Structure formats: C-alpha cells, structure tokens
There are 2 protein chains.
Amino acid sequence: MDEHPDPHADVDYWNRFHKSRSDGYARRQSVPDTDARHNGGVTAMAGLADVAALAGVSKATASRALSGRGYVSPATQAKVKDAAAAIGFVASATAASLVTGQSHNVGVLIPVLSRWYFSEVLEGVESALREAGYDLTLYRLSNDDVERRRVFDYFLMRKGVDAVIAVGIAISQEEIALLRSLRKPLVGIGGDVPGISTVSIDDVAAARRATDHLIGLGHRRILHLGGDLEHQMDFHVHEKRLRGVRESLDGAGLGHPDDFRPVPYSIQGGHAAGLAVLADAVTRPTAIVAGCDEIAIGVLIAARQLGIPVPARLSVVGIDGHPLAEMFQLTTIRQIPSALGTLAVKLVLDRLIDDELDPEAVEWPLEMVVRGSTTAPFIDERG
Amino acid sequence: MDEHPDPHADVDYWNRFHKSRSDGYARRQSVPDTDARHNGGVTAMAGLADVAALAGVSKATASRALSGRGYVSPATQAKVKDAAAAIGFVASATAASLVTGQSHNVGVLIPVLSRWYFSEVLEGVESALREAGYDLTLYRLSNDDVERRRVFDYFLMRKGVDAVIAVGIAISQEEIALLRSLRKPLVGIGGDVPGISTVSIDDVAAARRATDHLIGLGHRRILHLGGDLEHQMDFHVHEKRLRGVRESLDGAGLGHPDDFRPVPYSIQGGHAAGLAVLADAVTRPTAIVAGCDEIAIGVLIAARQLGIPVPARLSVVGIDGHPLAEMFQLTTIRQIPSALGTLAVKLVLDRLIDDELDPEAVEWPLEMVVRGSTTAPFIDERG
DNA sequence: ACAGAATCGGGAACCGGTTCCATGTCAGTA
DNA sequence: TACTGACATGGAACCGGTTCCCGATTCTGT
C-alpha cells in the first residue's frame, strides 16, 4: 500500500503512519475554554495550564512550584501541588525534553540477550538506571554494519537518548566522534576502547590466572577450549582469553601447537568439544581451561558421560562465575556482570552531570573460586 | 546532597537535575541568522528551518516533502531532500511526538531477564519492534506493588509509550482501565487476562500432555516437580501446570496425595530436588514431570550423579523446549517464546493502527518432542 | 473556453512544559 | 529614609516539527 519509490534514500526517516486525529486541533478551537474537556467520552489529559488555572497562578509559577526550581512561596507551592494532585496531573516528558534537551533516557546496545553474561549485565544496568530515574531503551545490535548504521543514525540521533551504554560491542572511532560531538556520554562494557569510558575485567589476566592455577597444580598437558576467533564479539574477548592462556603456558614452557580449539560459547559447544577431545584416553589433556563457564560445564557433562572422573583424571577450570558453576563444583574465575552494569551507569550519570569528565577505564577485580573440578594431575604409577 | 524533604509526595515527578545550558537561548537571540551556527566549536544540530531555508521553501513544505504527506511537487521534494542530506538533517522525534502524540515507542514490562524463557521472548519482541520502526523501552517489573505503581504512573504515563507489552505479568483491572482510557494498546504474553489481548500457550494442556505421555508409556508412580505456587509469576503458570498434571493423573486414576513437590524454577532447583527425591530406590517414582525444562535437566543431572540410568529406570519429561534439552535427550513439550514475542508485537501494531480492534487471546500451538529421556517403566521381574 | 477539481506552497497556530526578563514586595542595612 | 538584594510572580518567547487554512496554479471534463 505504502510503497516508497526509494526505500534507500538517505533521508527516509519518516515513513511512519499517523492516525489521522481529526479531533485535536478542531476540538481546541471550537471549544475554547471548557475546563473539563472530553474527547470521545474519555477525559483528556490535564495539562500544566489546567493546573495553573485551578491554582490561580500562571503556567510559569506552576512549573516552578512543581519542579522546585526557582522561587516559589511555600503557600503557592502547596496550592499548586494540591491542584495538580486534584486533577491527576502528569507532566509530559516529551514537552519537557523538547525544551530542556534531555530525555532522561539511556540507550543500551547489546548483541544478545539469551546468554547469561549479557542478561546479567542488562539487569544491572536496568536496576541502576531505574533507580536514577532514567528510562532504558534497548537496541539489540547485530554485527551487521548496515543495521548498525541505521541504529546509530536513526534511533540514537533522532530519538533523544541522553547517553549510550554499549555492552560487548566495540564502537568505531567514527561513532565515538559522532556521540562526542552530540555531547552524549558513551560507556562501554566488556572491553576497553581507547578514548571512551569502559568497564570490564582483564580478560587476559583472567585466563592467565586460570591457567596458572592448573600449572601450579602440576598439569602439563593443558588444552584451551575457547571461543571462535572469527565470531567473537567486538571486544575480542575470545582472543584475549586465548592470549592469557598462552602467556601462562609459554611462561611455564608448556606451550604447544595444539593448545587451543575453537568452540561455540555455550554448554552445548563445550559438551560436543568435550566428547571429541576426551574420547582418546591416551592423547587427552589432563586439564582444560574453558573460555567461559558454559563451555566448562559442557566439558564436565561430557566427561561424566564418558566416565572420566573429575577431578581425578581431568581438571577443568572456567571463567565467569556462572550460577551453574557451583552445582557442577566448577573452579572458576568469577566476575559479576551485573556489577559491571551498575558501574557503567554510574560512569554515565557522572558524565551527564559534568560532561567535561575524562574517560575512565575501570577494571573490575577478579576472584578465583576454587571448587572440586581441579586438582593435581593423576600420575600413572606404571609410567 | 540532594535530599528531598518529602520523597513520598504524590507529585514528585520532577526531581531531575538540569545542566544549566547558559547557551541555547542566548545564542539564538544574539546571533540572529548565521546559517552555520556553532556552540563551543561543535556544529549545532541542523533543524527543519535550516533545511527549508537552504531549499528555499517554507518549513511547512519542507516537512511535507520529507514526510511524503500532503501535496508536494516532485521537483520541490527532491530539492528539499537534497538540502536535508546536504546538511545531515535528522528530525527530532521529540518535537514530532509532541504534536502527533505518538512516540513510536513501546514499553515492555518483564519480571526477569536471566531466565531463558524471558530473554527469548524479549528477543522476539525486540526484533519485531525494530523491524516495525519502534523503539523498545524496557521496564523490569518486580512484584513489589509500590515499585509497580511507580512504573505505571511515572514511566508509562509521563514518558510517552504508544503501547505496552507485559511479559509474564498479569495486569490489574485498574491498570488495564488506565491504559484503555489513554488509548494505549496492551498485550500480555504468558497467560490470559480477561479483557486484553494475550499471547500464550495452554499451560494446563502442556502439562497434561506431558503427563499423558508418561501414563501412555505405562508409568504409575509419577511425580511432578513444579514451581512454587507462592512465588510464581502473575499468570499462575506453576499452578496451571500442576493442574494439568493432576487432571491427567486423575483421569487415569493415578492421583495420589504426594504427587507434587515445589521446586525453584531452575536447573539448580531441579538438581537439588532430584537428589532428594531419587535417593531412595524403593520409594522413588518411575517418572517425573518437570514444571519446566530447567528443572527436568537438573533432575537428569541428579539421576546421573546417583547412578540411576535414564530412561531405563527413570523417565523424565519437561516443558518448554529449552535449547539444552536436546543435549540432554530430554523429552519435552516445546513452545517458542520468541514467536510469542513476535506475535504480541503484531497484535500491538494492529491495535495501533485501529484502536477499535477487539482483544484477541491467541494460543500458540504446542509440539511434543520425544527424545531419549522417556520410555516404558522398568518392571522388576522378581516382583 | 470555462467551471470545478486536484495540486502546490506559505503563514501561522499549535503541542505542553521551561525559562528569560520585567515588575513588584518586603526585609535588612547604611 | 532611601537603597540593596533576596524573594515571588506573570507575560511571553521558545524548543522543533506538524498541520490547518487559504490563496494561487495547474489540470480535468464538457
């Protein structure tokens, strides 16, 4: 019906349908000053003008009385507040944003929702924003450049978000410059990007620590089941964790060419890889560093299925602190994603108050949780 | 710092800080008509007036040309579009909403994000809204009434959302009336509420079907590990699934007083319950109907740990179609939460176009997926 | 050729709060 | 007592698009 001749036009931000409200204008003009206006049986939303009229003051005073800004006598303020309460006045945020330029709305860019890490971060962000009185507009951003561009140009510019929090998505320098020129704070979660504020953990250190733990226990044949280097999120988490493992391995002189296998970042991925890697009792490693707890758990399940006792014959360490880790007695390097989210919001709010603040790259501390999935390697007495 | 004397005041929608933009007003007035305006070295956002001026037409024509509404000659339209593109014009959605009354923004109420079902629904909703050009404002809603009230009054009324999608949260009749009086469509996901549009599955039927399956295989001692009736979401999913199980059981004359045990809706919950319930080989059931796949998976893990072969000595059936179900060979009743989300968006959009549409309660079909976790019960030859 | 309809374009009102500025009070002070 | 300054309040401009209304052109049909 509504075919546009050129759907790719640069300025095509407009194809929205409008309910042709043939009332509205007409009403206002034909019914000049009835205090109880109706449209179709429904009481129209009361406006600031109504409050002011009822309280017997001007719109300006009413605004000041309700917002608390500027000088208003206590008596007048009470009068206005009563009037507002009486007619159930709710200010229009839209009108306010138009003049103040602030929408009290933060855009959150996130690539997935169904993975634990991301949903946890999002919960943290949501709570903190809510508490601060901000709305959260959610954009699930794929790595598709076109789609991404659209979100940036269209949603973030046209729609007024006061700031942006990017979770697991590295922002390009171009995008950073755009946001900066609009004076919109930008905080990244999950990795560091030069020039912007970020909240993350030290992924390299996390992986190194996990590996060190195994080496410290005496393991020599250590395999890393980590994320696919091609399909990782923008912050190169997979790569960093791999690097951490290698640094640790190399440091102990235990590096070997077959030290890494790319695996989908999920329990299923870990399970499948585990079945494949652990099948041969002779060649299999004595310990596995998983790229994340999901993979580790998949490996544990595979080991159980294959009848390989953990930790007696196989040690497994994960990274992340997934809630299931405890149940599986998984040794892991714990981080708290929701805390990252909360902290990111704090950084954003700080910059909303003072937009001259320098970028701040915060690294959340890690905590090693040793459980039953790791122990010293089994030494074959006969060897 | 910012202590408010009366944080509980009815009309307290205002405590927001404002960066005192001492530019803005002043600028506009002191620099009457420079075409390239700057503020602090940053080019100010171009407005429709700038576009109109550059194209040599009025604001009215510029607006029509860009939106495609009303009569504009192709030549003029091209001129305006070029001008807009030239100065990188992006219309302010705020200004547009103020006059049109539409924000192209849908509020989504959801109680949790970290559970599979909810994140999956949310992904479906997000995709569909994005595709339709709508923003999604996320509100995580606890069952706390005060908080809930706040969200309704404050966020949903003050902030302009065009419609509301409630996931797993039953809306009160009062809230429904409020939304209806504001002519904002409301669609629920996860259960049915009289008077509003909903998208859900038939939870009773799902549970019945799962139970029927076990009964059909010959099981007699069937236990239901379902959700806690007190801490369930508003749509009474736990209760409905329990009812479904009991209907099936009673229908076969297999009902017994100890047919149900409340369990946290998680793998850990199922695991703990599994360990407790399966410990005694004599009294343990031959089959378990789990309230959801997470519980079922927990039970499977517990069974494996206890050395109980599945399905030889224990059949387990879940409900939901969790992605891990396949890995665990879990028989389940599958639903597709993201599809529910997509459908809910469709219902919302339909009602945004025609607000006279009647409420529609859609029930998504279920699909039974039989895998290796269920089989006929073991008959003790000696008995 | 001409009435009437369809097109085209501009001026101005408008959405609903916010804030600047001018005006006016009243208490404190020189 | 005249003067300064903090306090109160109202009028009006303003944010930035959208749309109403009306005058002006340019097709139609007869």
# chains A, B, ... in the order shown; residues from 1 in each chain; ligands from 1
>>> interface_residues(of="chain C", to="chain B", cutoff="9 Å", atoms="only C-alpha atoms (C1' of nucleotides)", output="MDAnalysis selection string")
chainID C and resid 7:11 14:16 19:20
>>> write_last_selection(atoms="N, CA and C atoms (P, O5', C5', C4', C3', O3' and C1' of nucleotides)", output="PDB file, in the first residue's frame")
ATOM      1  P    DT C   7      -4.451  15.026  -7.255  1.00  0.00           P
ATOM      2  O5'  DT C   7      -3.275  16.113  -7.276  1.00  0.00           O
ATOM      3  C5'  DT C   7      -3.597  17.471  -7.418  1.00  0.00           C
ATOM      4  C4'  DT C   7      -2.409  18.254  -7.895  1.00  0.00           C
ATOM      5  C3'  DT C   7      -1.187  18.185  -6.997  1.00  0.00           C
ATOM      6  O3'  DT C   7      -0.026  18.458  -7.767  1.00  0.00           O
ATOM      7  C1'  DT C   7      -2.201  20.307  -6.797  1.00  0.00           C
ATOM      8  P    DC C   8       1.413  18.242  -7.111  1.00  0.00           P
ATOM      9  O5'  DC C   8       1.708  19.660  -6.465  1.00  0.00           O
ATOM     10  C5'  DC C   8       1.799  20.797  -7.320  1.00  0.00           C
ATOM     11  C4'  DC C   8       2.018  22.069  -6.529  1.00  0.00           C
ATOM     12  C3'  DC C   8       3.041  21.998  -5.397  1.00  0.00           C
ATOM     13  O3'  DC C   8       4.049  22.968  -5.667  1.00  0.00           O
ATOM     14  C1'  DC C   8       1.073  23.151  -4.724  1.00  0.00           C
ATOM     15  P    DG C   9       5.395  22.962  -4.794  1.00  0.00           P
ATOM     16  O5'  DG C   9       5.038  24.108  -3.765  1.00  0.00           O
ATOM     17  C5'  DG C   9       4.962  25.449  -4.232  1.00  0.00           C
ATOM     18  C4'  DG C   9       4.502  26.349  -3.128  1.00  0.00           C
ATOM     19  C3'  DG C   9       5.347  26.266  -1.853  1.00  0.00           C
ATOM     20  O3'  DG C   9       5.883  27.555  -1.597  1.00  0.00           O
ATOM     21  C1'  DG C   9       3.020  26.210  -1.362  1.00  0.00           C
ATOM     22  P    DG C  10       6.878  27.760  -0.345  1.00  0.00           P
ATOM     23  O5'  DG C  10       5.996  28.742   0.527  1.00  0.00           O
ATOM     24  C5'  DG C  10       5.376  29.864  -0.100  1.00  0.00           C
ATOM     25  C4'  DG C  10       4.532  30.613   0.912  1.00  0.00           C
ATOM     26  C3'  DG C  10       5.210  30.833   2.257  1.00  0.00           C
ATOM     27  O3'  DG C  10       4.883  32.136   2.723  1.00  0.00           O
ATOM     28  C1'  DG C  10       3.220  29.608   2.577  1.00  0.00           C
ATOM     29  P    DG C  11       5.702  32.778   3.900  1.00  0.00           P
ATOM     30  O5'  DG C  11       4.515  33.035   4.944  1.00  0.00           O
ATOM     31  C5'  DG C  11       3.345  33.712   4.507  1.00  0.00           C
ATOM     32  C4'  DG C  11       2.309  33.705   5.603  1.00  0.00           C
ATOM     33  C3'  DG C  11       2.856  34.013   6.997  1.00  0.00           C
ATOM     34  O3'  DG C  11       1.944  34.870   7.675  1.00  0.00           O
ATOM     35  C1'  DG C  11       1.834  31.878   7.001  1.00  0.00           C
ATOM     36  P    DC C  14      -3.999  28.427  18.284  1.00  0.00           P
ATOM     37  O5'  DC C  14      -3.227  27.053  18.485  1.00  0.00           O
ATOM     38  C5'  DC C  14      -3.363  26.009  17.516  1.00  0.00           C
ATOM     39  C4'  DC C  14      -2.375  24.917  17.802  1.00  0.00           C
ATOM     40  C3'  DC C  14      -2.008  24.749  19.286  1.00  0.00           C
ATOM     41  O3'  DC C  14      -2.451  23.487  19.732  1.00  0.00           O
ATOM     42  C1'  DC C  14      -0.078  24.644  17.895  1.00  0.00           C
ATOM     43  P    DC C  15      -2.743  23.277  21.294  1.00  0.00           P
ATOM     44  O5'  DC C  15      -1.838  22.022  21.607  1.00  0.00           O
ATOM     45  C5'  DC C  15      -1.798  20.895  20.751  1.00  0.00           C
ATOM     46  C4'  DC C  15      -0.557  20.094  21.058  1.00  0.00           C
ATOM     47  C3'  DC C  15      -0.143  20.219  22.525  1.00  0.00           C
ATOM     48  O3'  DC C  15      -0.478  19.032  23.220  1.00  0.00           O
ATOM     49  C1'  DC C  15       1.720  20.592  21.039  1.00  0.00           C
ATOM     50  P    DG C  16      -1.253  19.234  24.618  1.00  0.00           P
ATOM     51  O5'  DG C  16      -0.076  19.546  25.648  1.00  0.00           O
ATOM     52  C5'  DG C  16       1.002  18.644  25.779  1.00  0.00           C
ATOM     53  C4'  DG C  16       2.109  19.290  26.568  1.00  0.00           C
ATOM     54  C3'  DG C  16       1.653  20.019  27.830  1.00  0.00           C
ATOM     55  O3'  DG C  16       2.590  19.747  28.837  1.00  0.00           O
ATOM     56  C1'  DG C  16       2.963  21.436  26.552  1.00  0.00           C
ATOM     57  P    DT C  19      14.232  24.851  32.677  1.00  0.00           P
ATOM     58  O5'  DT C  19      14.389  26.379  32.250  1.00  0.00           O
ATOM     59  C5'  DT C  19      14.726  26.680  30.909  1.00  0.00           C
ATOM     60  C4'  DT C  19      14.567  28.161  30.643  1.00  0.00           C
ATOM     61  C3'  DT C  19      15.121  29.064  31.741  1.00  0.00           C
ATOM     62  O3'  DT C  19      15.785  30.142  31.108  1.00  0.00           O
ATOM     63  C1'  DT C  19      12.925  29.681  31.240  1.00  0.00           C
ATOM     64  P    DC C  20      16.998  30.828  31.879  1.00  0.00           P
ATOM     65  O5'  DC C  20      17.003  32.245  31.142  1.00  0.00           O
ATOM     66  C5'  DC C  20      16.760  32.282  29.736  1.00  0.00           C
ATOM     67  C4'  DC C  20      16.051  33.574  29.360  1.00  0.00           C
ATOM     68  C3'  DC C  20      16.566  34.789  30.123  1.00  0.00           C
ATOM     69  O3'  DC C  20      16.755  35.870  29.230  1.00  0.00           O
ATOM     70  C1'  DC C  20      14.219  34.586  30.398  1.00  0.00           C
TER      71       DC C  20
END
>>> interface_residues(of="chain D", to="chain A", cutoff="7 Å", atoms="only C-alpha atoms (C1' of nucleotides)", output="list in words")
DC7, DA8, DT9, DG10 and DC15 of chain D
>>> write_last_selection(atoms="N, CA and C atoms (P, O5', C5', C4', C3', O3' and C1' of nucleotides)", output="tab-separated table (two decimals), in the first residue's frame")
chain	number	residue	atom	x	y	z
D	7	DC	P	16.40	34.13	49.06
D	7	DC	O5'	14.92	34.62	48.70
D	7	DC	C5'	14.15	35.28	49.71
D	7	DC	C4'	12.80	35.67	49.15
D	7	DC	C3'	12.03	34.56	48.40
D	7	DC	O3'	10.70	34.56	48.87
D	7	DC	C1'	12.10	36.53	47.12
D	8	DA	P	9.76	33.26	48.65
D	8	DA	O5'	8.50	33.89	47.92
D	8	DA	C5'	8.70	34.96	47.05
D	8	DA	C4'	7.38	35.38	46.45
D	8	DA	C3'	6.68	34.27	45.64
D	8	DA	O3'	5.29	34.51	45.66
D	8	DA	C1'	7.57	35.96	44.19
D	9	DT	P	4.31	33.41	44.94
D	9	DT	O5'	4.15	34.04	43.51
D	9	DT	C5'	3.49	35.30	43.39
D	9	DT	C4'	3.54	35.80	41.96
D	9	DT	C3'	3.11	34.78	40.89
D	9	DT	O3'	1.92	35.25	40.30
D	9	DT	C1'	5.02	36.02	40.20
D	10	DG	P	1.11	34.36	39.25
D	10	DG	O5'	1.26	35.27	37.95
D	10	DG	C5'	1.09	36.67	38.07
D	10	DG	C4'	1.50	37.35	36.79
D	10	DG	C3'	1.00	36.65	35.51
D	10	DG	O3'	0.59	37.65	34.60
D	10	DG	C1'	3.38	36.79	35.47
D	15	DC	P	14.26	28.51	19.91
D	15	DC	O5'	14.29	26.96	20.21
D	15	DC	C5'	14.77	26.45	21.45
D	15	DC	C4'	14.24	25.05	21.63
D	15	DC	C3'	14.01	24.34	20.29
D	15	DC	O3'	15.05	23.40	20.07
D	15	DC	C1'	12.10	24.14	21.75
>>> interface_residues(of="chain B", to="chain A", cutoff="6 Å", atoms="only C-alpha atoms", output="short mmCIF file (atom, residue, chain, number, x, y, z; two decimals) with C-alpha atoms, in the first residue's frame")
data_model
loop_
_atom_site.label_atom_id
_atom_site.label_comp_id
_atom_site.auth_asym_id
_atom_site.auth_seq_id
_atom_site.Cartn_x
_atom_site.Cartn_y
_atom_site.Cartn_z
CA TRP B 14 10.32 16.27 38.79
CA SER B 67 7.38 13.05 5.26
CA VAL B 90 17.87 14.39 11.31
CA ALA B 91 14.41 15.24 12.51
CA SER B 92 13.81 15.45 16.23
CA ALA B 93 11.47 12.71 17.29
CA THR B 94 10.71 14.61 20.44
CA LEU B 98 4.83 16.49 20.96
CA LEU B 113 15.82 -11.24 32.08
CA SER B 114 18.15 -14.03 33.04
CA SER B 119 15.16 -13.42 27.35
CA LEU B 136 11.54 -0.58 22.97
CA THR B 137 11.68 0.81 26.46
CA LEU B 138 12.45 -1.86 28.99
CA ARG B 158 4.72 10.70 31.75
CA LYS B 159 7.01 9.16 29.24
#
>>> atom_distance(atom1="atom CA of A:Ala177", atom2="atom CA of B:Asp50")
23.0 Å
>>> residues_around(residues="B:Leu366", least_positions_apart="5", cutoff="9 Å", atoms="only C-alpha atoms (C1' of nucleotides)", output="PDB file with C-alpha atoms, in the first residue's frame")
ATOM      1  CA  ILE B 201       0.386 -21.379  25.408  1.00  0.00           C
ATOM      2  CA  ASP B 202      -2.140 -23.568  27.111  1.00  0.00           C
ATOM      3  CA  ALA B 205      -2.771 -28.743  28.231  1.00  0.00           C
ATOM      4  CA  ALA B 206       1.015 -28.765  28.050  1.00  0.00           C
ATOM      5  CA  ILE B 333       6.623 -30.086  25.158  1.00  0.00           C
ATOM      6  CA  ARG B 334       8.070 -27.375  23.033  1.00  0.00           C
ATOM      7  CA  GLN B 335       6.983 -23.800  22.796  1.00  0.00           C
ATOM      8  CA  ILE B 336       8.792 -20.990  21.022  1.00  0.00           C
TER       9      ILE B 336
END
>>> atom_distance(atom1="atom CA of A:Ala163", atom2="atom CA of A:Leu186")
5.9 Å
>>> decode(residues="chain C", atoms="C-alpha atoms (C1' of nucleotides)", output="mmCIF file, in the first residue's frame")
data_model
loop_
_atom_site.group_PDB
_atom_site.id
_atom_site.type_symbol
_atom_site.label_atom_id
_atom_site.label_comp_id
_atom_site.auth_asym_id
_atom_site.auth_seq_id
_atom_site.Cartn_x
_atom_site.Cartn_y
_atom_site.Cartn_z
ATOM 1 C "C1'" DA C 1 -13.249 28.332 -23.367
ATOM 2 C "C1'" DC C 2 -14.654 27.844 -18.616
ATOM 3 C "C1'" DA C 3 -16.383 25.933 -14.191
ATOM 4 C "C1'" DG C 4 -14.677 22.849 -10.919
ATOM 5 C "C1'" DA C 5 -11.389 19.752 -9.064
ATOM 6 C "C1'" DA C 6 -6.859 18.459 -7.997
ATOM 7 C "C1'" DT C 7 -2.201 20.307 -6.797
ATOM 8 C "C1'" DC C 8 1.073 23.151 -4.724
ATOM 9 C "C1'" DG C 9 3.020 26.210 -1.362
ATOM 10 C "C1'" DG C 10 3.220 29.608 2.577
ATOM 11 C "C1'" DG C 11 1.834 31.878 7.001
ATOM 12 C "C1'" DA C 12 0.750 30.887 11.402
ATOM 13 C "C1'" DA C 13 -1.203 28.335 15.172
ATOM 14 C "C1'" DC C 14 -0.078 24.644 17.895
ATOM 15 C "C1'" DC C 15 1.720 20.592 21.039
ATOM 16 C "C1'" DG C 16 2.963 21.436 26.552
ATOM 17 C "C1'" DG C 17 6.248 22.489 29.528
ATOM 18 C "C1'" DT C 18 10.578 25.639 30.611
ATOM 19 C "C1'" DT C 19 12.925 29.681 31.240
ATOM 20 C "C1'" DC C 20 14.219 34.586 30.398
ATOM 21 C "C1'" DC C 21 13.106 39.013 31.753
ATOM 22 C "C1'" DA C 22 10.495 42.610 33.746
ATOM 23 C "C1'" DT C 23 7.864 44.024 37.615
ATOM 24 C "C1'" DG C 24 6.818 44.197 42.221
ATOM 25 C "C1'" DT C 25 7.292 43.096 47.584
ATOM 26 C "C1'" DC C 26 9.334 43.238 51.611
ATOM 27 C "C1'" DA C 27 13.005 42.834 54.983
ATOM 28 C "C1'" DG C 28 17.649 44.332 56.189
ATOM 29 C "C1'" DT C 29 21.021 47.938 56.124
ATOM 30 C "C1'" DA C 30 23.605 52.249 55.677
#
